[in-house]
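Written below as structure tokens is the structure these notes are about.
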Amino acid sequence: MDITRNSLHLPKDAPPVTIPCCIKTTNLSLFYGKKAAFRDISLNLDRNSVTVIMGPSGCGKSSFLSALNRLSDFIPCCEVEGSIHLDGESLLEGSIDRTVLHKRVGMIFQKPNPFPMSIRKNITFPLREHGITSKRELEARLVQVLVDVGLWDEVKDRLDTSALTLSGGQQQRLCIARALALEPEILLMDEPCSALDPISSGKVEELILKLQARYTLVVVTHNLSQARRIATHAALFWVKDDCGCLVECGPADQVFGSPREELTAAYVKGMKG
Amino acid sequence: MMVSRQVLTRTSRIRASRARLQNRIAAAVIWGGAIFVAALFAWLMADILWHGWREISLAYFTQEPESAGRLGGISSILVSTGLILIVCLVSALPIGLGTAIFLAEYTGPEDTVSRKIRLSLNVLAGTPSIVFGLFGNAFFCKMLGMGFSILSGGLTLACMVLPYFIRIAEESIRSVPQSYRMGAVALGLSKSTQIMRLILPVAVPGILGAIILSVGRSLSETAALIFTSGYVDRMPESLYDSGRSLSVHIYDLSMNVAGGDQRAYSAALVLIVSLILINFITGLIGRAWSRRMISIS
Amino acid sequence: MSLWQKDKAFLFVLSVCASLAGVISIFIFFFLAKESVPAMAGIGLSQFVMDETWFASENQYNVLPLLWGSVLVSVGAVAFATPLGILSGLFCHFYAPSAIAGFYRSMVHLLAGIPSVIFGFWGLVSLVPLVARIHPPGPSLLAGVIVLGIMILPTIMVILDDAIANLSRLYLNSTVALGVSKWGALKGLILPNLRKQVGVSILLGLARSIGETMAILMVCGNVVRFPTSVFNPIRTLTANIALEMPFAMNVHRSALFFTGLIMMVLVAILMSTAQTRTSRQA
Ligand SMILES: Nc1ncnc2c1ncn2[C@@H]1O[C@H](COP(=O)(O)OP(=O)(O)OP(=O)(O)O)[C@@H](O)[C@H]1O
Ligand SMILES: [Mg+2]
């Protein structure tokens with residue numbers, strides 16, 4: 001089974017030709033019941049970029065991420081409008097195979113959420129579910145992703161203890177490893193460092209920089225200096241009329257160096273938000 | 001001025017002393033009521049313990065009853081009780097668990113479907129056990145031709161415990177943290193894997209509680225069994241044999257057998273002690289499981 | 001099989017389970033109804049209230065004395081248990097030291113788990129002789145009321161215990177600050193606000209006692225009659241079924257199913273009233 005390039009659509013909708021562009025949203029809006037969380041967001045996420053999304057609390061950053069991999073479908077009363085294209089395939093039209101989508105677009109949550117099983121199982125169990133059963137392959141991926149997230153030396157002697165015994169920072173890196181093991185193309189990270197101490201947070205940051213070569217990353221963060229360190233692209237969300245919207249987006253140099261909007265200028269100087 | 005203040009203090013003093021009196025009477029009545037209840041309870045327990053333990057020996061558990069239960073032991077009755085219990089659990093567990101998962105994972109608490117199912121289950125929970133007995137007799141014994149048998153009794157009990165089992169199992173499945181579900185969805189796990197591998201293991205202590213409650217109810221039940229699994233006190237040879245449960249044994253000894261009281265006491269003691277033990281052991285297992293989920297996996 | 005198909009199959013199995021569990025009560029209802037058709041056709045509904053008494057071997061099928069017996073013993077049991085339930089609730093929250101309250105609660109919990117056949121047996125060997133000493137014969141309405149009362153006490157107390165816990169969290173700090181005496185606070189704030197829950201617990205207690213069989217069967221004497229004193233023996237609908245089912249044939253058997261149907265409906269009405277009351281509060 002080709003892991004990285006399964007078509008999202010179920011057999012009956014023939015997949016369109018894939019073109020090498022990553023995620024593209026057009027006039028994307030999301031509603032919780034009647035209330036809009038954000039409106040009309042059009043954003044391009046390029047391959048092998050790290051796009052940092054910033055903005056005040058409640059401006060719809062988490063909601064935006066959950067729309068990107070349709071996790072929003074699992075929230076009651078949540079509706080998404082507009083369009084999202086992943087490599088030219090529409091995510092919102094037709095019935096898509098969610099399991100494939102979620103494998104291609106991974107997500108890391110703000111609060112680490114390892115499963116209540118051993119460290120090893122945390123990584124191998126989703127792999128098995130996706131059809132990888134050879135012991136050797138499983139073991140190889142396990143070691144590789146744990147090395148990638150810098151957890152290998154810390155846990156190699158206790159792979160069979162419960163993941164819940166790890167520290168918060170270790171748990172978060174395990175969650176990242178778990179997502180990486182599925183070889184996603186895109187990784188969405190919702191404030192991955194906000195529950196971590198500075199040292200663990202630094203480790204995750206290094207990891208993000210390292211991952212950039214192979215993945216497309218979208219990182220939500222409230223930490224401006226961190227944003228500057230990791231971003232290749234940046235987007236600023238804001239709340240207007242009680243509803244989230246996109247203020248500015250572009251390459252990191254431009255957004256941080258010479259922002260077009262006053263709001264952005266104030267925000268990146270740390271004067272607002 | 002002076003006078004009125006004096007009057008005021010006097011009336012308020014009277015009022016205060018009356019309040020104090022009322023306070024004391026209330027306290028006495030409430031303590032009295034509580035002591036009365038405790039005394040009734042102590043009387044019941046002491047009575048059964050006191051009369052019950054005398055005839056209990058190893059032989060009591062290993063011999064078959066003789067002379068309608070006046071002599072001998074309860075071995076065949078324990079076997080029948082166990083078989084009825086097994087039939088009940090084997091049929092109630094899969095259906096109950098399936099329903100609980102359906103209600104908890106695929107419907108909200110206010111959906112029409114789940115409201116209807118829950119209403120129906122509530123009616124079932126309120127149905128008197130003698131009515132289950134009637135139903136079991138007419139449906140399992142007569143219509144399906146199982147006759148007075150352990151199978152009929154167990155299936156009747158399964159219908160009876162189902163609503164309780166489902167209610168508790170559903171609650172425990174609902175209380176599994178949402179973050180596990182979201183994490184699993186984000187990894188592209190299928191809903192079935194999510195439930196079977198992740199949610200159910202976390203919900204095990206609650207489901208165990210549901211099982212134990214069902215076991216307790218089944219062990220306690222008499223009215224639903226009298227005309228489904230019947231009275232026969234011989235050792236059952238198959239599930240199609242009639243078998244007398246422990247509770248029916250108590251009933252029969254005390255009502256239909258002259259001089260059976262002593263043995264009824266012993267059987268009652270065995271029943272109570274096993275109910276208490278089961279409760280206690282499940283508590284331990286539940287706690288051990290929770291610990292296991294946190295430490296070693 | 002793809003994951004997606006696996007999920008579909010899984011959901012299918014679950015829905016089958018759920019529908020099965022959902023239709024049992026309807027199925028039981030229709031089954032009872034079907035089995036009671038011969039009685040309704042052969043005896044006719046009028047006989048169920050017009051006959052002289054319930055005496056199957058002479059084709060007398062008046063259910064009223066049985067129904068009356070059920071009602072009397074249930075109402076008596078609730079009247080016995082409700083005050084004790086209220087007292088117990090207040091006791092645990094405001095009078096008992098916490099260790100004793102915990103002990104008392106686990107005692108009530110244990111009481112709830114005791115099988116009804118054991119209550120019946122205990123009533124038969126301990127309580128009935130005591131009643132007989134006051135006024136023969138012993139097996140009587142009174143014995144039934146007491147035994148059943150103890151049995152439903154846990155049901156009532158658990159509801160009231162929760163309710164009192166909520167109320168005391170809401171009100172009590174402020175009244176203690178006002179310097180009201182303990183009983184004053186309970187009488188003024190807790191008890192009046194408890195009325196609804198008491199109503200609910202009475203309904204549930206009634207539903208539970210109407211359906212109770214074994215204990216009643218063992219201590220009530222089972223004579224079909226309208227009692228004139230609490231020392232008279234009585235027979236309830238449930239006890240009647242348990243007693244006559246083993247030898248009932250044809251119309252008689254069908255008549256017993258009919259009484260079962262009456263009971264199922266009665267209990268369903270009581271339960272749903274209780275439920276709508278609870279949900280209206282929430
Ligand atoms: N499940 C939900 N149901 C209803 N409203 C929600 C839900 N989740 C979020 N919202 C609302 O949507 C808006 C956007 O929330 P969101 O979590 O996306 O903000 P955010 O930018 O991630 O904030 P933060 O920085 O605090 O994480 C908020 O007003 C929030 O109250
Ligand atoms: Mg957020």
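Here's how to read the names in the structure tokens: chain A, B, ... by the order shown, residue numbers from 1 in each chain, ligand numbers from 1 in the order shown.
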
For this session: Go through the chains and note each residue within 7 Å of ligand 1, using only C-alpha atoms and all ligand atoms, then give the set as JSON, numbers by chain.
Result: {"A": [32, 37, 55, 56, 57, 58, 59, 60, 61, 62, 63, 64, 75]}

Residue subset to file, keeping C-alpha atoms, as a short mmCIF file (atom, residue, chain, number, x, y, z; two decimals), in the first residue's frame:
data_model
loop_
_atom_site.label_atom_id
_atom_site.label_comp_id
_atom_site.auth_asym_id
_atom_site.auth_seq_id
_atom_site.Cartn_x
_atom_site.Cartn_y
_atom_site.Cartn_z
CA TYR A 32 -20.63 26.84 15.98
CA ALA A 37 -15.82 31.35 14.85
CA GLY A 55 -3.57 36.02 17.14
CA PRO A 56 -5.42 36.79 20.34
CA SER A 57 -7.33 34.15 22.23
CA GLY A 58 -10.67 33.25 20.71
CA CYS A 59 -9.89 34.44 17.18
CA GLY A 60 -10.46 30.98 15.76
CA LYS A 61 -6.97 29.54 15.37
CA SER A 62 -7.83 26.16 16.84
CA SER A 63 -11.08 26.13 14.91
CA PHE A 64 -9.17 26.84 11.70
CA ILE A 75 -17.79 18.73 17.17
#

Problem set entry | DSSP-assigned helix (DSSP H, G or I) among range 69-261 of chain A, expressed as a VMD selection string | chain A and resid 71 to 74 98 to 104 119 to 129 135 to 148 152 to 155 163 to 165 168 to 181 198 to 211 224 to 230 252 to 257

Give me, as a short mmCIF file (atom, residue, chain, number, x, y, z; two decimals) with N, CA and C atoms, in the first residue's frame, the contact residues of chain A against chain C at a cut-off of 9 Å, counting only C-alpha atoms.
data_model
loop_
_atom_site.label_atom_id
_atom_site.label_comp_id
_atom_site.auth_asym_id
_atom_site.auth_seq_id
_atom_site.Cartn_x
_atom_site.Cartn_y
_atom_site.Cartn_z
N ASP A 97 -12.57 9.77 2.32
CA ASP A 97 -12.20 8.75 3.29
C ASP A 97 -11.40 9.42 4.39
N ARG A 98 -12.08 9.57 5.50
CA ARG A 98 -11.49 10.28 6.61
C ARG A 98 -10.20 9.67 7.10
N THR A 99 -10.17 8.33 7.14
CA THR A 99 -8.98 7.71 7.71
C THR A 99 -7.75 8.07 6.87
N GLU A 129 -3.33 -0.36 12.56
CA GLU A 129 -4.66 -0.03 12.06
C GLU A 129 -4.58 0.38 10.59
N HIS A 130 -3.46 1.02 10.21
CA HIS A 130 -3.33 1.44 8.82
C HIS A 130 -2.66 0.38 7.97
#

Return as a tab-separated table (two decimals) with all heavy atoms, in the first residue's frame the residues belonging to chain A that are within 9 Å of chain B, counting only C-alpha atoms.
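Done, and the output landed in selection_25.tsv:
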chain	number	residue	atom	x	y	z
A	69	ASN	N	-8.37	19.55	8.88
A	69	ASN	CA	-8.43	18.09	8.72
A	69	ASN	C	-9.81	17.53	9.06
A	69	ASN	O	-9.95	16.37	9.38
A	69	ASN	CB	-7.32	17.38	9.50
A	69	ASN	CG	-7.51	17.50	10.99
A	69	ASN	OD1	-8.35	18.27	11.44
A	69	ASN	ND2	-6.77	16.72	11.75
A	71	LEU	N	-11.61	17.70	11.53
A	71	LEU	CA	-11.89	17.26	12.89
A	71	LEU	C	-13.16	17.97	13.37
A	71	LEU	O	-13.82	17.53	14.30
A	71	LEU	CB	-10.71	17.61	13.80
A	71	LEU	CG	-10.33	16.58	14.84
A	71	LEU	CD1	-10.08	15.24	14.20
A	71	LEU	CD2	-9.10	17.03	15.59
A	74	PHE	N	-16.49	16.36	14.07
A	74	PHE	CA	-16.77	15.61	15.29
A	74	PHE	C	-17.22	16.50	16.43
A	74	PHE	O	-17.45	16.04	17.52
A	74	PHE	CB	-15.53	14.80	15.70
A	74	PHE	CG	-15.19	13.75	14.68
A	74	PHE	CD1	-14.39	14.05	13.59
A	74	PHE	CD2	-15.71	12.48	14.79
A	74	PHE	CE1	-14.11	13.09	12.64
A	74	PHE	CE2	-15.43	11.52	13.84
A	74	PHE	CZ	-14.63	11.82	12.76
A	98	ARG	N	-12.08	9.57	5.50
A	98	ARG	CA	-11.49	10.28	6.61
A	98	ARG	C	-10.20	9.67	7.10
A	98	ARG	O	-9.26	10.36	7.48
A	98	ARG	CB	-12.45	10.25	7.78
A	98	ARG	CG	-13.15	11.50	8.00
A	98	ARG	CD	-14.20	11.22	9.04
A	98	ARG	NE	-15.49	11.43	8.42
A	98	ARG	CZ	-15.91	12.64	8.10
A	98	ARG	NH1	-15.17	13.68	8.38
A	98	ARG	NH2	-17.06	12.80	7.52
A	99	THR	N	-10.17	8.33	7.14
A	99	THR	CA	-8.98	7.71	7.71
A	99	THR	C	-7.75	8.07	6.87
A	99	THR	O	-6.68	8.31	7.42
A	99	THR	CB	-9.14	6.18	7.77
A	99	THR	OG1	-9.59	5.72	6.51
A	99	THR	CG2	-10.13	5.79	8.82
A	100	VAL	N	-7.93	8.17	5.55
A	100	VAL	CA	-6.81	8.56	4.69
A	100	VAL	C	-6.47	10.02	4.93
A	100	VAL	O	-5.29	10.39	5.08
A	100	VAL	CB	-7.15	8.31	3.21
A	100	VAL	CG1	-6.02	8.79	2.34
A	100	VAL	CG2	-7.42	6.84	2.98
A	101	LEU	N	-7.49	10.85	5.00
A	101	LEU	CA	-7.25	12.28	5.23
A	101	LEU	C	-6.46	12.48	6.52
A	101	LEU	O	-5.47	13.21	6.56
A	101	LEU	CB	-8.59	13.02	5.32
A	101	LEU	CG	-8.49	14.46	5.83
A	101	LEU	CD1	-7.72	15.32	4.86
A	101	LEU	CD2	-9.87	15.05	6.07
A	102	HIS	N	-6.92	11.81	7.59
A	102	HIS	CA	-6.26	12.03	8.87
A	102	HIS	C	-4.86	11.47	8.89
A	102	HIS	O	-4.02	11.91	9.67
A	102	HIS	CB	-7.11	11.44	10.00
A	102	HIS	CG	-8.36	12.21	10.23
A	102	HIS	ND1	-9.58	11.61	10.43
A	102	HIS	CD2	-8.59	13.54	10.26
A	102	HIS	CE1	-10.49	12.54	10.57
A	102	HIS	NE2	-9.93	13.72	10.47
A	103	LYS	N	-4.62	10.49	8.05
A	103	LYS	CA	-3.25	9.98	7.98
A	103	LYS	C	-2.37	10.98	7.24
A	103	LYS	O	-1.21	11.16	7.58
A	103	LYS	CB	-3.23	8.62	7.29
A	103	LYS	CG	-2.04	7.82	7.74
A	103	LYS	CD	-2.13	6.43	7.23
A	103	LYS	CE	-2.06	6.52	5.73
A	103	LYS	NZ	-2.17	5.28	5.05
A	104	ARG	N	-2.94	11.63	6.23
A	104	ARG	CA	-2.12	12.58	5.47
A	104	ARG	C	-1.96	13.90	6.21
A	104	ARG	O	-0.95	14.58	6.04
A	104	ARG	CB	-2.74	12.81	4.09
A	104	ARG	CG	-2.55	11.61	3.18
A	104	ARG	CD	-3.24	11.81	1.85
A	104	ARG	NE	-2.72	12.98	1.13
A	104	ARG	CZ	-3.19	13.35	-0.06
A	104	ARG	NH1	-4.14	12.66	-0.65
A	104	ARG	NH2	-2.70	14.41	-0.66
A	105	VAL	N	-2.96	14.27	6.96
A	105	VAL	CA	-2.90	15.53	7.73
A	105	VAL	C	-2.94	15.19	9.21
A	105	VAL	O	-3.98	14.89	9.76
A	105	VAL	CB	-4.08	16.45	7.36
A	105	VAL	CG1	-3.93	17.77	8.08
A	105	VAL	CG2	-4.17	16.64	5.87
A	106	GLY	N	-1.78	15.23	9.84
A	106	GLY	CA	-1.72	14.88	11.27
A	106	GLY	C	-2.02	16.08	12.14
A	106	GLY	O	-1.97	17.22	11.68
A	107	MET	N	-2.34	15.82	13.40
A	107	MET	CA	-2.67	16.94	14.30
A	107	MET	C	-2.07	16.68	15.67
A	107	MET	O	-2.14	15.58	16.20
A	107	MET	CB	-4.20	17.03	14.41
A	107	MET	CG	-4.67	18.05	15.41
A	107	MET	SD	-5.58	19.32	14.54
A	107	MET	CE	-6.22	20.28	15.88
A	108	ILE	N	-1.48	17.74	16.21
A	108	ILE	CA	-0.95	17.68	17.58
A	108	ILE	C	-1.76	18.65	18.41
A	108	ILE	O	-1.93	19.81	18.03
A	108	ILE	CB	0.54	18.10	17.62
A	108	ILE	CG1	1.36	17.33	16.61
A	108	ILE	CG2	1.09	17.94	19.02
A	108	ILE	CD1	1.41	15.86	16.84
A	109	PHE	N	-2.25	18.18	19.55
A	109	PHE	CA	-3.14	19.02	20.36
A	109	PHE	C	-2.34	19.80	21.40
A	109	PHE	O	-1.21	19.46	21.74
A	109	PHE	CB	-4.18	18.16	21.05
A	109	PHE	CG	-5.09	17.47	20.08
A	109	PHE	CD1	-4.73	16.26	19.51
A	109	PHE	CD2	-6.30	18.03	19.71
A	109	PHE	CE1	-5.56	15.62	18.61
A	109	PHE	CE2	-7.13	17.40	18.81
A	109	PHE	CZ	-6.77	16.20	18.25
A	111	LYS	N	-2.94	20.04	24.57
A	111	LYS	CA	-2.67	19.20	25.73
A	111	LYS	C	-2.22	17.83	25.24
A	111	LYS	O	-2.90	17.24	24.42
A	111	LYS	CB	-3.95	19.05	26.57
A	111	LYS	CG	-3.69	19.04	28.05
A	111	LYS	CD	-5.01	19.09	28.82
A	111	LYS	CE	-5.13	17.84	29.67
A	111	LYS	NZ	-6.34	17.06	29.43
A	112	PRO	N	-1.06	17.36	25.69
A	112	PRO	CA	-0.62	16.04	25.22
A	112	PRO	C	-1.68	14.99	25.52
A	112	PRO	O	-2.25	15.00	26.61
A	112	PRO	CB	0.65	15.77	26.04
A	112	PRO	CG	1.04	17.07	26.64
A	112	PRO	CD	-0.16	17.94	26.68
A	113	ASN	N	-1.97	14.13	24.57
A	113	ASN	CA	-3.00	13.12	24.81
A	113	ASN	C	-2.54	11.73	24.42
A	113	ASN	O	-3.10	11.11	23.54
A	113	ASN	CB	-4.29	13.48	24.10
A	113	ASN	CG	-4.08	13.61	22.59
A	113	ASN	OD1	-2.95	13.64	22.13
A	113	ASN	ND2	-5.15	13.65	21.84
A	114	PRO	N	-1.47	11.23	25.08
A	114	PRO	CA	-1.08	9.85	24.79
A	114	PRO	C	-2.18	8.91	25.23
A	114	PRO	O	-2.94	9.23	26.14
A	114	PRO	CB	0.18	9.66	25.64
A	114	PRO	CG	0.06	10.64	26.74
A	114	PRO	CD	-0.69	11.80	26.19
A	115	PHE	N	-2.27	7.77	24.56
A	115	PHE	CA	-3.29	6.79	24.94
A	115	PHE	C	-2.83	6.03	26.17
A	115	PHE	O	-1.63	5.88	26.39
A	115	PHE	CB	-3.52	5.80	23.79
A	115	PHE	CG	-4.04	6.45	22.55
A	115	PHE	CD1	-3.60	6.04	21.30
A	115	PHE	CD2	-4.95	7.49	22.62
A	115	PHE	CE1	-4.08	6.63	20.15
A	115	PHE	CE2	-5.43	8.09	21.47
A	115	PHE	CZ	-4.99	7.66	20.22
A	116	PRO	N	-3.77	5.54	26.95
A	116	PRO	CA	-3.37	4.78	28.15
A	116	PRO	C	-2.88	3.40	27.79
A	116	PRO	O	-3.51	2.41	28.13
A	116	PRO	CB	-4.66	4.75	28.97
A	116	PRO	CG	-5.74	4.89	27.98
A	116	PRO	CD	-5.21	5.69	26.85
A	117	MET	N	-1.78	3.33	27.09
A	117	MET	CA	-1.15	2.04	26.80
A	117	MET	C	0.36	2.25	26.85
A	117	MET	O	0.82	3.35	27.17
A	117	MET	CB	-1.56	1.51	25.44
A	117	MET	CG	-2.29	2.46	24.54
A	117	MET	SD	-2.57	1.78	22.94
A	117	MET	CE	-4.33	1.85	22.85
A	118	SER	N	1.11	1.23	26.51
A	118	SER	CA	2.56	1.37	26.61
A	118	SER	C	3.06	2.36	25.55
A	118	SER	O	2.37	2.68	24.59
A	118	SER	CB	3.23	0.01	26.41
A	118	SER	OG	3.04	-0.40	25.09
A	119	ILE	N	4.29	2.84	25.76
A	119	ILE	CA	4.89	3.78	24.83
A	119	ILE	C	4.96	3.15	23.44
A	119	ILE	O	4.60	3.76	22.43
A	119	ILE	CB	6.31	4.15	25.30
A	119	ILE	CG1	6.20	4.88	26.64
A	119	ILE	CG2	7.03	5.00	24.28
A	119	ILE	CD1	7.53	5.14	27.30
A	126	PRO	N	-1.62	2.62	16.03
A	126	PRO	CA	-2.20	3.27	14.85
A	126	PRO	C	-1.61	2.73	13.55
A	126	PRO	O	-2.33	2.64	12.54
A	126	PRO	CB	-1.83	4.73	15.03
A	126	PRO	CG	-1.50	4.89	16.46
A	126	PRO	CD	-0.96	3.59	16.92
A	129	GLU	N	-3.33	-0.36	12.56
A	129	GLU	CA	-4.66	-0.03	12.06
A	129	GLU	C	-4.58	0.38	10.59
A	129	GLU	O	-5.49	0.13	9.83
A	129	GLU	CB	-5.23	1.11	12.91
A	129	GLU	CG	-6.50	1.72	12.39
A	129	GLU	CD	-7.73	0.91	12.75
A	129	GLU	OE1	-7.57	-0.15	13.37
A	129	GLU	OE2	-8.84	1.34	12.40
A	130	HIS	N	-3.46	1.02	10.21
A	130	HIS	CA	-3.33	1.44	8.82
A	130	HIS	C	-2.66	0.38	7.97
A	130	HIS	O	-2.10	0.68	6.92
A	130	HIS	CB	-2.58	2.77	8.75
A	130	HIS	CG	-3.42	3.92	9.22
A	130	HIS	ND1	-4.45	4.41	8.49
A	130	HIS	CD2	-3.40	4.64	10.37
A	130	HIS	CE1	-5.02	5.41	9.14
A	130	HIS	NE2	-4.41	5.56	10.30
A	160	ASP	N	7.92	-0.46	27.22
A	160	ASP	CA	6.69	-1.19	27.55
A	160	ASP	C	6.01	-0.67	28.81
A	160	ASP	O	5.07	-1.29	29.28
A	160	ASP	CB	6.99	-2.68	27.66
A	160	ASP	CG	7.28	-3.25	26.28
A	160	ASP	OD1	6.46	-3.04	25.38
A	160	ASP	OD2	8.33	-3.89	26.11
A	161	THR	N	6.49	0.46	29.32
A	161	THR	CA	5.74	1.05	30.43
A	161	THR	C	4.68	1.98	29.85
A	161	THR	O	4.75	2.39	28.69
A	161	THR	CB	6.66	1.86	31.37
A	161	THR	OG1	7.33	2.83	30.57
A	161	THR	CG2	7.66	0.98	32.07
A	162	SER	N	3.71	2.30	30.70
A	162	SER	CA	2.60	3.12	30.22
A	162	SER	C	3.07	4.51	29.82
A	162	SER	O	3.90	5.13	30.47
A	162	SER	CB	1.55	3.24	31.32
A	162	SER	OG	0.64	4.26	30.98
A	163	ALA	N	2.51	5.02	28.74
A	163	ALA	CA	2.88	6.35	28.27
A	163	ALA	C	2.46	7.42	29.26
A	163	ALA	O	2.98	8.53	29.24
A	163	ALA	CB	2.24	6.61	26.92
A	164	LEU	N	1.51	7.08	30.14
A	164	LEU	CA	1.04	8.09	31.09
A	164	LEU	C	2.06	8.36	32.18
A	164	LEU	O	1.92	9.30	32.95
A	164	LEU	CB	-0.29	7.63	31.72
A	164	LEU	CG	-1.42	7.40	30.74
A	164	LEU	CD1	-2.69	7.03	31.48
A	164	LEU	CD2	-1.66	8.61	29.86
A	165	THR	N	3.13	7.53	32.25
A	165	THR	CA	4.14	7.79	33.27
A	165	THR	C	5.18	8.80	32.77
A	165	THR	O	6.03	9.22	33.54
A	165	THR	CB	4.88	6.49	33.64
A	165	THR	OG1	5.46	5.95	32.45
A	165	THR	CG2	3.95	5.48	34.25
A	175	CYS	N	3.48	12.21	21.35
A	175	CYS	CA	2.33	12.44	20.48
A	175	CYS	C	2.79	12.86	19.09
A	175	CYS	O	2.21	12.46	18.07
A	175	CYS	CB	1.41	13.51	21.07
A	175	CYS	SG	0.58	12.94	22.54
A	178	ARG	N	4.04	9.86	17.38
A	178	ARG	CA	2.92	9.02	16.99
A	178	ARG	C	2.33	9.50	15.66
A	178	ARG	O	2.00	8.71	14.79
A	178	ARG	CB	1.88	9.09	18.10
A	178	ARG	CG	0.78	8.09	18.02
A	178	ARG	CD	-0.06	8.18	19.28
A	178	ARG	NE	-0.75	9.46	19.38
A	178	ARG	CZ	-1.52	9.80	20.40
A	178	ARG	NH1	-1.68	8.96	21.42
A	178	ARG	NH2	-2.12	10.95	20.44
A	179	ALA	N	2.25	10.82	15.54
A	179	ALA	CA	1.72	11.37	14.29
A	179	ALA	C	2.71	11.17	13.15
A	179	ALA	O	2.33	10.84	12.04
A	179	ALA	CB	1.40	12.85	14.47
A	182	LEU	N	2.95	7.86	11.06
A	182	LEU	CA	2.02	7.60	9.96
A	182	LEU	C	2.49	8.25	8.67
A	182	LEU	O	1.80	8.19	7.66
A	182	LEU	CB	0.63	8.12	10.32
A	182	LEU	CG	-0.06	7.44	11.49
A	182	LEU	CD1	-1.42	8.08	11.74
A	182	LEU	CD2	-0.25	5.97	11.20

Exercise. Hey, which of B:Ile30, B:Ala39, B:Leu71, B:Ala158 ends up closest to chain C? Count only C-alpha atoms.
Worked result: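 Among the listed residues, B:Ile30 lies closest to chain C.
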
Exercise. For the atom pair CA of Ala165 in chain C and CA of Phe91 in chain C, what is the interatomic distance in Å to one decimal place?
Worked result: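 Here the two named atoms are 11.8 Å from each other.
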
For this session: May I have the residues of chain C within 6 Å of chain B, counting only C-alpha atoms, written as a ChimeraX atom specification?
Result: /C:3,7,14,17-18,22,25,87-88,115,183,211,260,264,268

For this session: Identify, with DSSP run on backbone atoms, the residues in range 63-170 of chain A assigned to strand (DSSP E), and express the list as a PyMOL selection string.
Result: chain A and resi 78-86+89-90+105-108

Seminar exercise, completed: Computed gap from CA of Arg70 in chain A to CA of Ala252 in chain A is 26.6 Å

Seminar exercise, completed: From CA of Ala242 in chain C to CA of Arg225 in chain C the spacing works out at 17.3 Å

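Among the candidates C:Ala185, C:Leu153, C:Phe121, C:Met271, the residue lying nearest to Arg263 in chain B is C:Phe121 (atoms considered: only C-alpha atoms).
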